[in-house]
>>> print(open('data.csv').read())   # CSV, C-alpha atoms and all ligand atoms
chain,number,residue,atom,x,y,z
A,1,MET,CA,52.6,-33.0,34.5
A,2,SER,CA,55.2,-33.1,37.3
A,3,VAL,CA,54.0,-32.1,40.8
A,4,SER,CA,56.8,-30.4,42.8
A,5,SER,CA,57.3,-31.9,46.3
A,6,PRO,CA,57.3,-29.6,49.3
A,7,SER,CA,61.1,-30.2,49.8
A,8,GLN,CA,61.9,-28.9,46.3
A,9,PRO,CA,62.2,-25.1,47.2
A,10,LYS,CA,64.6,-26.1,50.0
A,11,GLN,CA,66.8,-28.1,47.5
A,12,ASN,CA,67.0,-25.1,45.2
A,13,LEU,CA,68.2,-22.8,48.0
A,14,PRO,CA,72.0,-23.6,47.8
A,15,LEU,CA,71.9,-23.0,44.0
A,16,LEU,CA,70.0,-19.7,44.6
A,17,TRP,CA,72.6,-18.6,47.2
A,18,SER,CA,75.5,-19.5,44.9
A,19,ILE,CA,73.9,-17.4,42.1
A,20,LEU,CA,73.2,-14.5,44.5
A,21,SER,CA,76.8,-14.5,45.9
A,22,VAL,CA,78.4,-14.7,42.4
A,23,VAL,CA,76.2,-11.8,41.2
A,24,THR,CA,76.9,-9.7,44.4
A,25,THR,CA,80.7,-10.3,44.0
A,26,LEU,CA,80.6,-9.3,40.4
A,27,LEU,CA,78.6,-6.2,41.3
A,28,VAL,CA,81.1,-5.2,44.1
A,29,ILE,CA,84.1,-5.7,41.7
A,30,GLY,CA,82.4,-3.7,39.0
A,31,VAL,CA,81.5,-0.8,41.4
A,32,LEU,CA,85.1,-0.8,42.8
A,33,PHE,CA,86.5,-0.8,39.2
A,34,LEU,CA,84.3,2.2,38.4
A,35,VAL,CA,85.3,4.1,41.5
A,36,VAL,CA,89.0,3.6,40.7
A,37,ILE,CA,88.5,4.8,37.1
A,38,LEU,CA,86.4,7.8,38.3
A,39,ALA,CA,89.0,8.7,41.0
A,40,MET,CA,91.7,8.9,38.4
A,41,SER,CA,89.8,11.3,36.1
A,42,PRO,CA,90.1,15.1,36.7
A,43,ALA,CA,86.5,15.3,37.9
A,44,GLY,CA,87.2,12.4,40.2
A,45,GLN,CA,90.2,14.2,41.7
A,46,THR,CA,88.0,17.2,42.5
A,47,LEU,CA,85.5,14.8,44.1
A,48,VAL,CA,88.3,13.1,46.2
A,49,GLN,CA,89.5,16.5,47.4
A,50,GLY,CA,85.9,17.5,48.3
A,51,MET,CA,85.4,14.2,50.2
A,52,ASN,CA,88.7,14.6,52.0
A,53,SER,CA,87.7,18.0,53.4
A,54,LEU,CA,84.2,16.8,54.2
A,55,PHE,CA,85.4,13.7,56.2
A,56,ALA,CA,88.6,15.3,57.5
A,57,GLY,CA,90.6,12.9,55.4
A,58,SER,CA,93.8,15.0,55.7
A,59,SER,CA,93.4,15.4,59.5
A,60,ILE,CA,95.9,13.6,61.7
A,61,GLN,CA,92.9,12.5,63.9
A,62,LEU,CA,91.1,10.8,61.0
A,63,TRP,CA,91.6,7.2,62.4
A,64,TRP,CA,90.7,8.5,65.9
A,65,TYR,CA,87.3,9.5,64.6
A,66,VAL,CA,86.9,6.2,62.8
A,67,THR,CA,87.8,4.2,66.0
A,68,ARG,CA,85.3,6.2,68.0
A,69,ALA,CA,82.5,5.8,65.5
A,70,ALA,CA,83.3,2.0,65.2
A,71,GLY,CA,83.2,1.7,69.0
A,72,ILE,CA,79.8,3.4,69.2
A,73,VAL,CA,78.4,1.1,66.5
A,74,ALA,CA,79.9,-2.0,68.2
A,75,TYR,CA,78.3,-0.9,71.5
A,76,LEU,CA,74.9,-0.3,69.9
A,77,LEU,CA,75.0,-3.7,68.2
A,78,LEU,CA,76.0,-5.4,71.4
A,79,TRP,CA,73.1,-3.7,73.2
A,80,PHE,CA,70.7,-4.9,70.4
A,81,SER,CA,72.1,-8.4,70.7
A,82,MET,CA,71.5,-8.4,74.5
A,83,ILE,CA,67.9,-7.3,73.9
A,84,LEU,CA,67.4,-10.2,71.4
A,85,GLY,CA,69.2,-12.7,73.7
A,86,LEU,CA,67.0,-11.7,76.7
A,87,ALA,CA,63.9,-12.1,74.3
A,88,VAL,CA,64.9,-15.7,73.6
A,89,THR,CA,65.1,-16.6,77.3
A,90,SER,CA,62.1,-14.5,78.5
A,91,LYS,CA,60.1,-15.2,75.4
A,92,TYR,CA,58.7,-11.6,75.4
A,93,LEU,CA,58.9,-11.3,71.6
A,94,ASP,CA,57.3,-14.7,70.9
A,95,GLY,CA,54.0,-13.0,70.0
A,96,LEU,CA,55.7,-11.0,67.3
A,97,LEU,CA,58.6,-13.2,66.0
A,98,ASP,CA,59.4,-16.8,65.7
A,99,ARG,CA,61.8,-17.7,68.5
A,100,MET,CA,64.2,-19.5,66.1
A,101,PHE,CA,64.4,-16.3,64.0
A,102,THR,CA,65.0,-14.2,67.2
A,103,TYR,CA,67.8,-16.7,68.1
A,104,ASP,CA,69.4,-16.6,64.7
A,105,PHE,CA,69.2,-12.8,64.5
A,106,HIS,CA,70.7,-12.6,68.0
A,107,GLN,CA,73.7,-14.7,66.8
A,108,PHE,CA,74.1,-12.7,63.7
A,109,ILE,CA,74.0,-9.3,65.5
A,110,SER,CA,76.6,-10.6,68.1
A,111,LEU,CA,78.9,-11.5,65.2
A,112,LEU,CA,78.3,-8.1,63.6
A,113,SER,CA,79.1,-6.3,66.9
A,114,LEU,CA,82.4,-8.3,67.0
A,115,VAL,CA,83.2,-7.2,63.4
A,116,PHE,CA,82.9,-3.5,64.6
A,117,VAL,CA,84.9,-4.2,67.7
A,118,GLY,CA,87.6,-5.6,65.3
A,119,LEU,CA,87.5,-2.4,63.3
A,120,HIS,CA,87.5,-0.3,66.5
A,121,ILE,CA,90.7,-1.9,67.7
A,122,VAL,CA,92.5,-2.5,64.4
A,123,VAL,CA,92.1,1.2,63.5
A,124,LEU,CA,93.8,2.1,66.8
A,125,SER,CA,97.1,0.8,65.5
A,126,LEU,CA,96.7,3.0,62.3
A,127,ASP,CA,96.2,6.2,64.3
A,128,ARG,CA,99.0,8.7,63.8
A,129,TYR,CA,97.9,10.9,66.8
A,130,LEU,CA,98.3,8.2,69.5
A,131,PRO,CA,99.3,4.9,67.8
A,132,TYR,CA,98.7,1.7,69.7
A,133,SER,CA,101.0,-1.4,69.6
A,134,ALA,CA,99.5,-4.9,69.3
A,135,LEU,CA,100.5,-5.5,72.9
A,136,GLN,CA,98.7,-2.3,74.1
A,137,ILE,CA,95.6,-3.4,72.3
A,138,LEU,CA,95.5,-7.0,73.4
A,139,VAL,CA,96.9,-7.0,77.0
A,140,PRO,CA,94.5,-5.3,79.4
A,141,PHE,CA,95.7,-2.1,81.3
A,142,LEU,CA,98.7,-1.4,79.0
A,143,SER,CA,97.0,1.4,77.2
A,144,PRO,CA,98.8,4.8,77.2
A,145,TYR,CA,95.4,6.5,77.4
A,146,ARG,CA,93.0,5.9,80.4
A,147,PRO,CA,94.6,2.5,81.1
A,148,ALA,CA,92.0,1.3,83.6
A,149,TRP,CA,88.9,2.0,81.5
A,150,VAL,CA,90.5,0.9,78.2
A,151,GLY,CA,91.7,-2.3,80.1
A,152,ILE,CA,88.0,-3.0,81.0
A,153,GLY,CA,87.2,-2.7,77.3
A,154,VAL,CA,89.9,-5.2,76.5
A,155,LEU,CA,88.5,-7.7,79.1
A,156,SER,CA,85.0,-7.1,77.7
A,157,PHE,CA,86.2,-7.9,74.3
A,158,TYR,CA,87.5,-11.3,75.4
A,159,ILE,CA,84.3,-12.1,77.2
A,160,ILE,CA,82.2,-11.1,74.1
A,161,LEU,CA,84.5,-13.2,71.9
A,162,LEU,CA,84.1,-16.2,74.2
A,163,VAL,CA,80.3,-15.9,74.4
A,164,THR,CA,80.0,-15.5,70.6
A,165,ALA,CA,82.3,-18.5,70.0
A,166,THR,CA,80.0,-20.7,72.1
A,167,PHE,CA,77.2,-20.2,69.5
A,168,TYR,CA,79.4,-22.4,67.2
A,169,LEU,CA,80.5,-24.8,69.9
A,170,ARG,CA,77.1,-25.5,71.5
A,171,LYS,CA,76.9,-29.1,70.4
A,172,ARG,CA,80.4,-29.8,71.7
A,173,ILE,CA,80.2,-28.1,75.1
A,174,GLY,CA,76.6,-29.0,75.9
A,175,MET,CA,73.6,-26.9,76.7
A,176,GLN,CA,74.5,-26.5,80.4
A,177,ALA,CA,78.0,-24.9,79.7
A,178,PHE,CA,76.5,-22.9,76.8
A,179,ARG,CA,73.9,-21.3,79.2
A,180,VAL,CA,76.5,-20.6,82.0
A,181,ILE,CA,79.0,-19.0,79.5
A,182,HIS,CA,76.1,-17.0,78.0
A,183,ILE,CA,75.3,-15.4,81.4
A,184,LEU,CA,78.8,-13.9,81.2
A,185,SER,CA,77.6,-11.7,78.4
A,186,LEU,CA,75.9,-9.5,81.1
A,187,VAL,CA,79.4,-8.9,82.5
A,188,GLY,CA,80.8,-8.2,79.0
A,189,TYR,CA,78.0,-5.8,78.3
A,190,LEU,CA,78.5,-4.0,81.7
A,191,GLY,CA,82.2,-3.7,81.0
A,192,ALA,CA,81.7,-2.4,77.4
A,193,THR,CA,79.2,0.2,78.8
A,194,LEU,CA,81.6,1.4,81.5
A,195,HIS,CA,84.5,1.4,79.0
A,196,GLY,CA,82.5,3.5,76.5
A,197,ILE,CA,81.4,6.0,79.2
A,198,TYR,CA,84.7,6.5,80.9
A,199,ALA,CA,87.2,5.9,78.0
A,200,GLY,CA,85.1,7.7,75.3
A,201,THR,CA,85.6,11.2,74.2
A,202,ASP,CA,82.0,11.5,73.1
A,203,SER,CA,80.4,10.5,76.4
A,204,VAL,CA,80.4,14.1,77.5
A,205,LEU,CA,77.9,14.9,74.8
A,206,PRO,CA,74.2,15.0,76.0
A,207,ALA,CA,73.2,12.7,73.1
A,208,MET,CA,75.7,10.0,74.1
A,209,LYS,CA,74.6,10.4,77.8
A,210,LEU,CA,71.1,9.7,76.7
A,211,VAL,CA,72.2,6.7,74.6
A,212,TYR,CA,74.1,5.1,77.5
A,213,ALA,CA,71.2,5.8,79.9
A,214,GLY,CA,68.5,4.4,77.6
A,215,THR,CA,70.5,1.3,76.5
A,216,GLY,CA,71.7,0.6,80.0
A,217,LEU,CA,68.3,0.9,81.6
A,218,THR,CA,66.5,-1.3,79.0
A,219,VAL,CA,69.1,-4.1,79.6
A,220,LEU,CA,68.7,-3.7,83.4
A,221,PHE,CA,64.9,-3.8,83.2
A,222,LEU,CA,64.9,-6.9,80.9
A,223,THR,CA,67.5,-8.7,83.1
A,224,VAL,CA,65.4,-8.1,86.2
A,225,PHE,CA,62.3,-9.3,84.2
A,226,TRP,CA,64.2,-12.5,83.1
A,227,LEU,CA,65.3,-13.1,86.7
A,228,VAL,CA,61.8,-12.7,88.1
A,229,LEU,CA,60.4,-15.0,85.5
A,230,ALA,CA,63.1,-17.6,86.2
A,231,ALA,CA,62.4,-17.4,90.0
A,232,LEU,CA,58.6,-17.8,89.4
A,233,ARG,CA,59.2,-20.9,87.1
A,234,LYS,CA,61.4,-22.5,89.8
A,235,ARG,CA,58.8,-22.0,92.6
A,236,PRO,CA,57.1,-25.3,93.4
A,237,ALA,CA,53.5,-25.4,92.2
A,238,PRO,CA,51.0,-25.1,95.1
A,239,ARG,CA,50.0,-28.6,96.2
A,240,ALA,CA,46.4,-29.5,95.6
A,241,ALA,CA,44.5,-29.0,98.9
A,242,PRO,CA,43.3,-32.2,100.5
A,243,ALA,CA,39.6,-32.7,99.9
A,244,HIS,CA,38.6,-32.3,103.6
A,245,ALA,CA,40.4,-28.9,103.8
A,246,SER,CA,37.7,-27.3,101.7
A,247,ARG,CA,34.9,-28.7,103.7
A,248,PRO,CA,33.1,-26.3,106.1
A,249,LYS,CA,34.2,-26.7,109.7
A,250,SER,CA,30.9,-28.2,110.8
A,251,GLN,CA,31.3,-31.0,108.2
A,252,ALA,CA,35.1,-31.4,108.6
A,253,GLY,CA,34.7,-33.0,112.1
A,254,MET,CA,31.8,-35.3,111.0
A,255,ARG,CA,32.4,-38.9,110.3
A,256,SER,CA,30.9,-40.3,107.2
B,1,LIG,C1,90.7,-4.8,72.8
B,1,LIG,C2,89.6,-4.1,73.2
B,1,LIG,C3,89.4,-2.6,73.1
B,1,LIG,C4,90.3,-1.6,73.1
B,1,LIG,C5,91.8,-1.6,73.0
B,1,LIG,C6,89.5,-0.3,73.1
B,1,LIG,C7,90.0,0.9,73.0
B,1,LIG,C8,89.3,2.1,73.1
B,1,LIG,C9,89.8,3.4,73.2
B,1,LIG,C10,91.3,3.8,73.2
B,1,LIG,C11,88.8,4.3,73.3
B,1,LIG,C12,88.9,5.8,73.5
B,1,LIG,C13,88.5,6.5,72.2
B,1,LIG,C14,88.1,8.0,72.4
B,1,LIG,O1,88.9,8.8,72.7
B,1,LIG,O2,86.9,8.3,72.3
B,1,LIG,C15,87.6,3.6,73.2
B,1,LIG,C16,86.3,4.1,73.3
B,1,LIG,C17,85.2,3.4,73.1
B,1,LIG,N1,85.1,2.0,72.9
B,1,LIG,FE1,86.6,0.7,73.0
B,1,LIG,N2,88.2,-0.6,73.1
B,1,LIG,C18,88.1,-2.0,73.1
B,1,LIG,C19,86.9,-2.8,73.2
B,1,LIG,C20,85.6,-2.2,73.1
B,1,LIG,C21,84.4,-3.0,73.1
B,1,LIG,C22,84.3,-4.5,73.3
B,1,LIG,C23,83.4,-2.1,72.9
B,1,LIG,C24,81.9,-2.3,72.7
B,1,LIG,C25,81.3,-3.4,72.2
B,1,LIG,C26,83.9,-0.8,72.8
B,1,LIG,C27,83.3,0.4,72.6
B,1,LIG,C28,83.8,1.7,72.8
B,1,LIG,C29,83.0,2.9,72.8
B,1,LIG,C30,81.5,3.0,72.7
B,1,LIG,C31,83.9,3.9,73.0
B,1,LIG,C32,83.5,5.4,73.1
B,1,LIG,C33,83.7,6.2,71.8
B,1,LIG,C34,83.6,7.7,72.1
B,1,LIG,O3,82.7,8.0,72.9
B,1,LIG,O4,84.3,8.4,71.5
B,1,LIG,N3,85.3,-0.9,72.9
B,1,LIG,N4,87.9,2.2,73.1
>>> encode(input="data.csv", output="structure tokens")
Amino acid sequence: MSVSSPSQPKQNLPLLWSILSVVTTLLVIGVLFLVVILAMSPAGQTLVQGMNSLFAGSSIQLWWYVTRAAGIVAYLLLWFSMILGLAVTSKYLDGLLDRMFTYDFHQFISLLSLVFVGLHIVVLSLDRYLPYSALQILVPFLSPYRPAWVGIGVLSFYIILLVTATFYLRKRIGMQAFRVIHILSLVGYLGATLHGIYAGTDSVLPAMKLVYAGTGLTVLFLTVFWLVLAALRKRPAPRAAPAHASRPKSQAGMRS
């Protein structure tokens, strides 16, 4: 009877991932194929028309809606990533989650936030209402709409891109540089928040005001908590009092 070694499940993982990715790809292709066939049928045509009117598909502002939605999702993911990043440094989630998991999750959420920022800015160029050129998207303060606040969004994008890239360059640049660059994420987050509030159309809505206040305050609180912890850790430990200091006065003067 063969006894499986503890390393065997780990060895099977790549094979499992390959099978899983092939099955997922086949499923996605199958579903896409079905959707195309369905859309071409008369019933599908009616469905497409219904979806068009439901999601304002024929509206000239369709891409404007998409860019706004993608911006809000990107912002929320960035906030979540900040919360996880601060949990890694302050260790406040250590009782609940393994710190390596928190770190990996933090890295994944940062990347996902960047994907939505990508969608947010690529869609701007598709917009028929106020189309953006590549230069207006990539060079800060060239935007035809609220140039200062959109410019701050562009700068935040570069900061977030740099910080996320260092996840993959950590070994090359070293831990010290990784930590210093990571502190910049606070500037990127602040910039993205101001950009969302002052460039966004939705920030006048009470719900969005609540979102910005809630997310901003949690990051502020956790940053202060992290700074206080760091200051406490740096404080030199109190030196052990000399033995005679604890002796009563009457004994302190006595010679043994
Ligand atoms: C190249 C970088 C960027 C460009 C050109 C850009 C452009 C814009 C523009 C034109 C708007 C106004 C849309 C509206 O009318 O509501 C906007 C809003 C917004 N952006 Fe960005 N943005 C950039 C980066 C970012 C980043 C890095 C984030 C967050 C991670 C972000 C999140 C948001 C949010 C939350 C809104 C508000 C949406 C709304 O309330 O309607 N943007 N952005």
>>> closest_residue(input="data.csv", among="A:Ser21, A:Ser143, A:Ser81, A:Thr67", to="Gly118 (chain A)", atoms="all atoms listed in the file")
A:Thr67
>>> residues_near_ligand(input="data.csv", ligand="ligand LIG 1 (chain B)", cutoff="8 Å", atoms="all atoms listed in the file", output="MDAnalysis selection string")
chainID A and resid 64:65 67:78 113:114 116:117 120:121 124 136:140 143 145:146 150:158 160 188:189 192:193 195:204 208
>>> closest_residue(input="data.csv", among="A:Met100, A:Leu26, A:Val219, A:Val66", to="Leu126 (chain A)", atoms="only C-alpha atoms")
A:Val66
>>> atom_distance(input="data.csv", atom1="CA of Leu96 (chain A)", atom2="CA of Leu20 (chain A)")
29.0 Å
>>> closest_residue(input="data.csv", among="A:Leu130, A:Phe167, A:Pro236, A:Ala43", to="Tyr103 (chain A)", atoms="all atoms listed in the file")
A:Phe167
>>> atom_distance(input="data.csv", atom1="CA of Pro131 (chain A)", atom2="CA of Val163 (chain A)")
28.9 Å
>>> residues_near_point(input="data.csv", point="(63.0, -12.8, 68.8)", cutoff="10 Å", atoms="only C-alpha atoms", output="ChimeraX atom specification")
/A:83-106
>>> closest_residue(input="data.csv", among="A:Ile181, A:Leu111, A:Ile159, A:Phe80", to="Thr218 (chain A)", atoms="all atoms listed in the file")
A:Phe80
>>> atom_distance(input="data.csv", atom1="CA of Ala134 (chain A)", atom2="CA of Val122 (chain A)")
8.9 Å
>>> closest_residue(input="data.csv", among="A:Leu142, A:Leu161, A:Ile29, A:Ile173", to="Val115 (chain A)", atoms="only C-alpha atoms")
A:Leu161
>>> closest_residue(input="data.csv", among="A:Trp79, A:Leu169, A:Gly44, A:Pro147", to="Val211 (chain A)", atoms="only C-alpha atoms")
A:Trp79
>>> axis_aligned_box(input="data.csv", around="region 118-126 of chain A", padding_each_side="5 Å", output="JSON")
{"center_x": 92.3, "center_y": -1.3, "center_z": 65.0, "size_x": 19.6, "size_y": 18.6, "size_z": 15.4}
>>> decode(input="data.csv", residues="region 63-96 of chain A", atoms="N, CA and C atoms", output="CSV table (one decimal), in the first residue's frame")
chain,number,residue,atom,x,y,z
A,63,TRP,N,-21.4,55.4,-22.2
A,63,TRP,CA,-20.0,55.2,-21.7
A,63,TRP,C,-19.7,56.1,-20.5
A,64,TRP,N,-20.4,57.3,-20.5
A,64,TRP,CA,-20.2,58.2,-19.3
A,64,TRP,C,-20.7,57.5,-18.0
A,65,TYR,N,-21.8,56.7,-18.2
A,65,TYR,CA,-22.3,56.0,-17.0
A,65,TYR,C,-21.3,54.9,-16.6
A,66,VAL,N,-20.8,54.2,-17.7
A,66,VAL,CA,-19.8,53.1,-17.4
A,66,VAL,C,-18.6,53.6,-16.7
A,67,THR,N,-18.0,54.7,-17.2
A,67,THR,CA,-16.8,55.3,-16.6
A,67,THR,C,-17.0,55.7,-15.2
A,68,ARG,N,-18.2,56.2,-14.9
A,68,ARG,CA,-18.5,56.6,-13.5
A,68,ARG,C,-18.6,55.4,-12.6
A,69,ALA,N,-19.3,54.4,-13.1
A,69,ALA,CA,-19.5,53.2,-12.3
A,69,ALA,C,-18.1,52.5,-12.1
A,70,ALA,N,-17.3,52.5,-13.1
A,70,ALA,CA,-15.9,51.8,-13.0
A,70,ALA,C,-15.1,52.6,-12.0
A,71,GLY,N,-15.2,54.0,-12.1
A,71,GLY,CA,-14.4,54.8,-11.1
A,71,GLY,C,-14.8,54.5,-9.7
A,72,ILE,N,-16.1,54.4,-9.4
A,72,ILE,CA,-16.5,54.2,-8.1
A,72,ILE,C,-16.1,52.8,-7.6
A,73,VAL,N,-16.2,51.8,-8.5
A,73,VAL,CA,-15.7,50.4,-8.1
A,73,VAL,C,-14.2,50.5,-7.8
A,74,ALA,N,-13.4,51.1,-8.7
A,74,ALA,CA,-12.0,51.2,-8.5
A,74,ALA,C,-11.7,51.9,-7.2
A,75,TYR,N,-12.4,53.0,-6.8
A,75,TYR,CA,-12.2,53.7,-5.6
A,75,TYR,C,-12.4,52.8,-4.4
A,76,LEU,N,-13.6,52.0,-4.4
A,76,LEU,CA,-13.9,51.1,-3.3
A,76,LEU,C,-12.9,50.0,-3.1
A,77,LEU,N,-12.4,49.5,-4.3
A,77,LEU,CA,-11.3,48.5,-4.2
A,77,LEU,C,-10.0,49.0,-3.6
A,78,LEU,N,-9.7,50.3,-4.0
A,78,LEU,CA,-8.5,50.9,-3.5
A,78,LEU,C,-8.6,51.1,-2.0
A,79,TRP,N,-9.8,51.5,-1.6
A,79,TRP,CA,-10.0,51.7,-0.1
A,79,TRP,C,-9.8,50.3,0.6
A,80,PHE,N,-10.4,49.3,0.1
A,80,PHE,CA,-10.3,48.0,0.7
A,80,PHE,C,-8.8,47.5,0.7
A,81,SER,N,-8.1,47.8,-0.3
A,81,SER,CA,-6.7,47.5,-0.4
A,81,SER,C,-5.9,48.2,0.7
A,82,MET,N,-6.3,49.5,0.9
A,82,MET,CA,-5.6,50.3,2.0
A,82,MET,C,-5.9,49.7,3.4
A,83,ILE,N,-7.1,49.2,3.6
A,83,ILE,CA,-7.5,48.6,4.9
A,83,ILE,C,-6.7,47.4,5.1
A,84,LEU,N,-6.5,46.6,4.0
A,84,LEU,CA,-5.8,45.3,4.2
A,84,LEU,C,-4.3,45.6,4.3
A,85,GLY,N,-3.8,46.6,3.6
A,85,GLY,CA,-2.4,47.0,3.7
A,85,GLY,C,-2.1,47.5,5.1
A,86,LEU,N,-2.9,48.3,5.7
A,86,LEU,CA,-2.7,48.8,7.1
A,86,LEU,C,-2.9,47.6,8.1
A,87,ALA,N,-3.7,46.6,7.7
A,87,ALA,CA,-3.8,45.4,8.6
A,87,ALA,C,-2.5,44.6,8.6
A,88,VAL,N,-1.8,44.6,7.5
A,88,VAL,CA,-0.5,43.9,7.5
A,88,VAL,C,0.5,44.6,8.4
A,89,THR,N,0.6,45.9,8.3
A,89,THR,CA,1.6,46.6,9.1
A,89,THR,C,1.2,46.7,10.6
A,90,SER,N,-0.1,47.0,10.8
A,90,SER,CA,-0.5,47.1,12.2
A,90,SER,C,-0.9,45.8,12.9
A,91,LYS,N,-1.1,44.8,12.1
A,91,LYS,CA,-1.4,43.4,12.5
A,91,LYS,C,-2.7,43.3,13.2
A,92,TYR,N,-3.7,44.2,13.0
A,92,TYR,CA,-4.9,44.2,13.7
A,92,TYR,C,-5.9,43.1,13.3
A,93,LEU,N,-5.5,42.4,12.1
A,93,LEU,CA,-6.4,41.3,11.7
A,93,LEU,C,-5.8,40.0,12.0
A,94,ASP,N,-4.6,40.0,12.7
A,94,ASP,CA,-3.8,38.8,12.9
A,94,ASP,C,-4.6,37.7,13.7
A,95,GLY,N,-5.5,38.1,14.5
A,95,GLY,CA,-6.4,37.2,15.3
A,95,GLY,C,-7.4,36.5,14.4
A,96,LEU,N,-7.7,37.1,13.3
A,96,LEU,CA,-8.8,36.5,12.4
A,96,LEU,C,-8.2,35.8,11.2
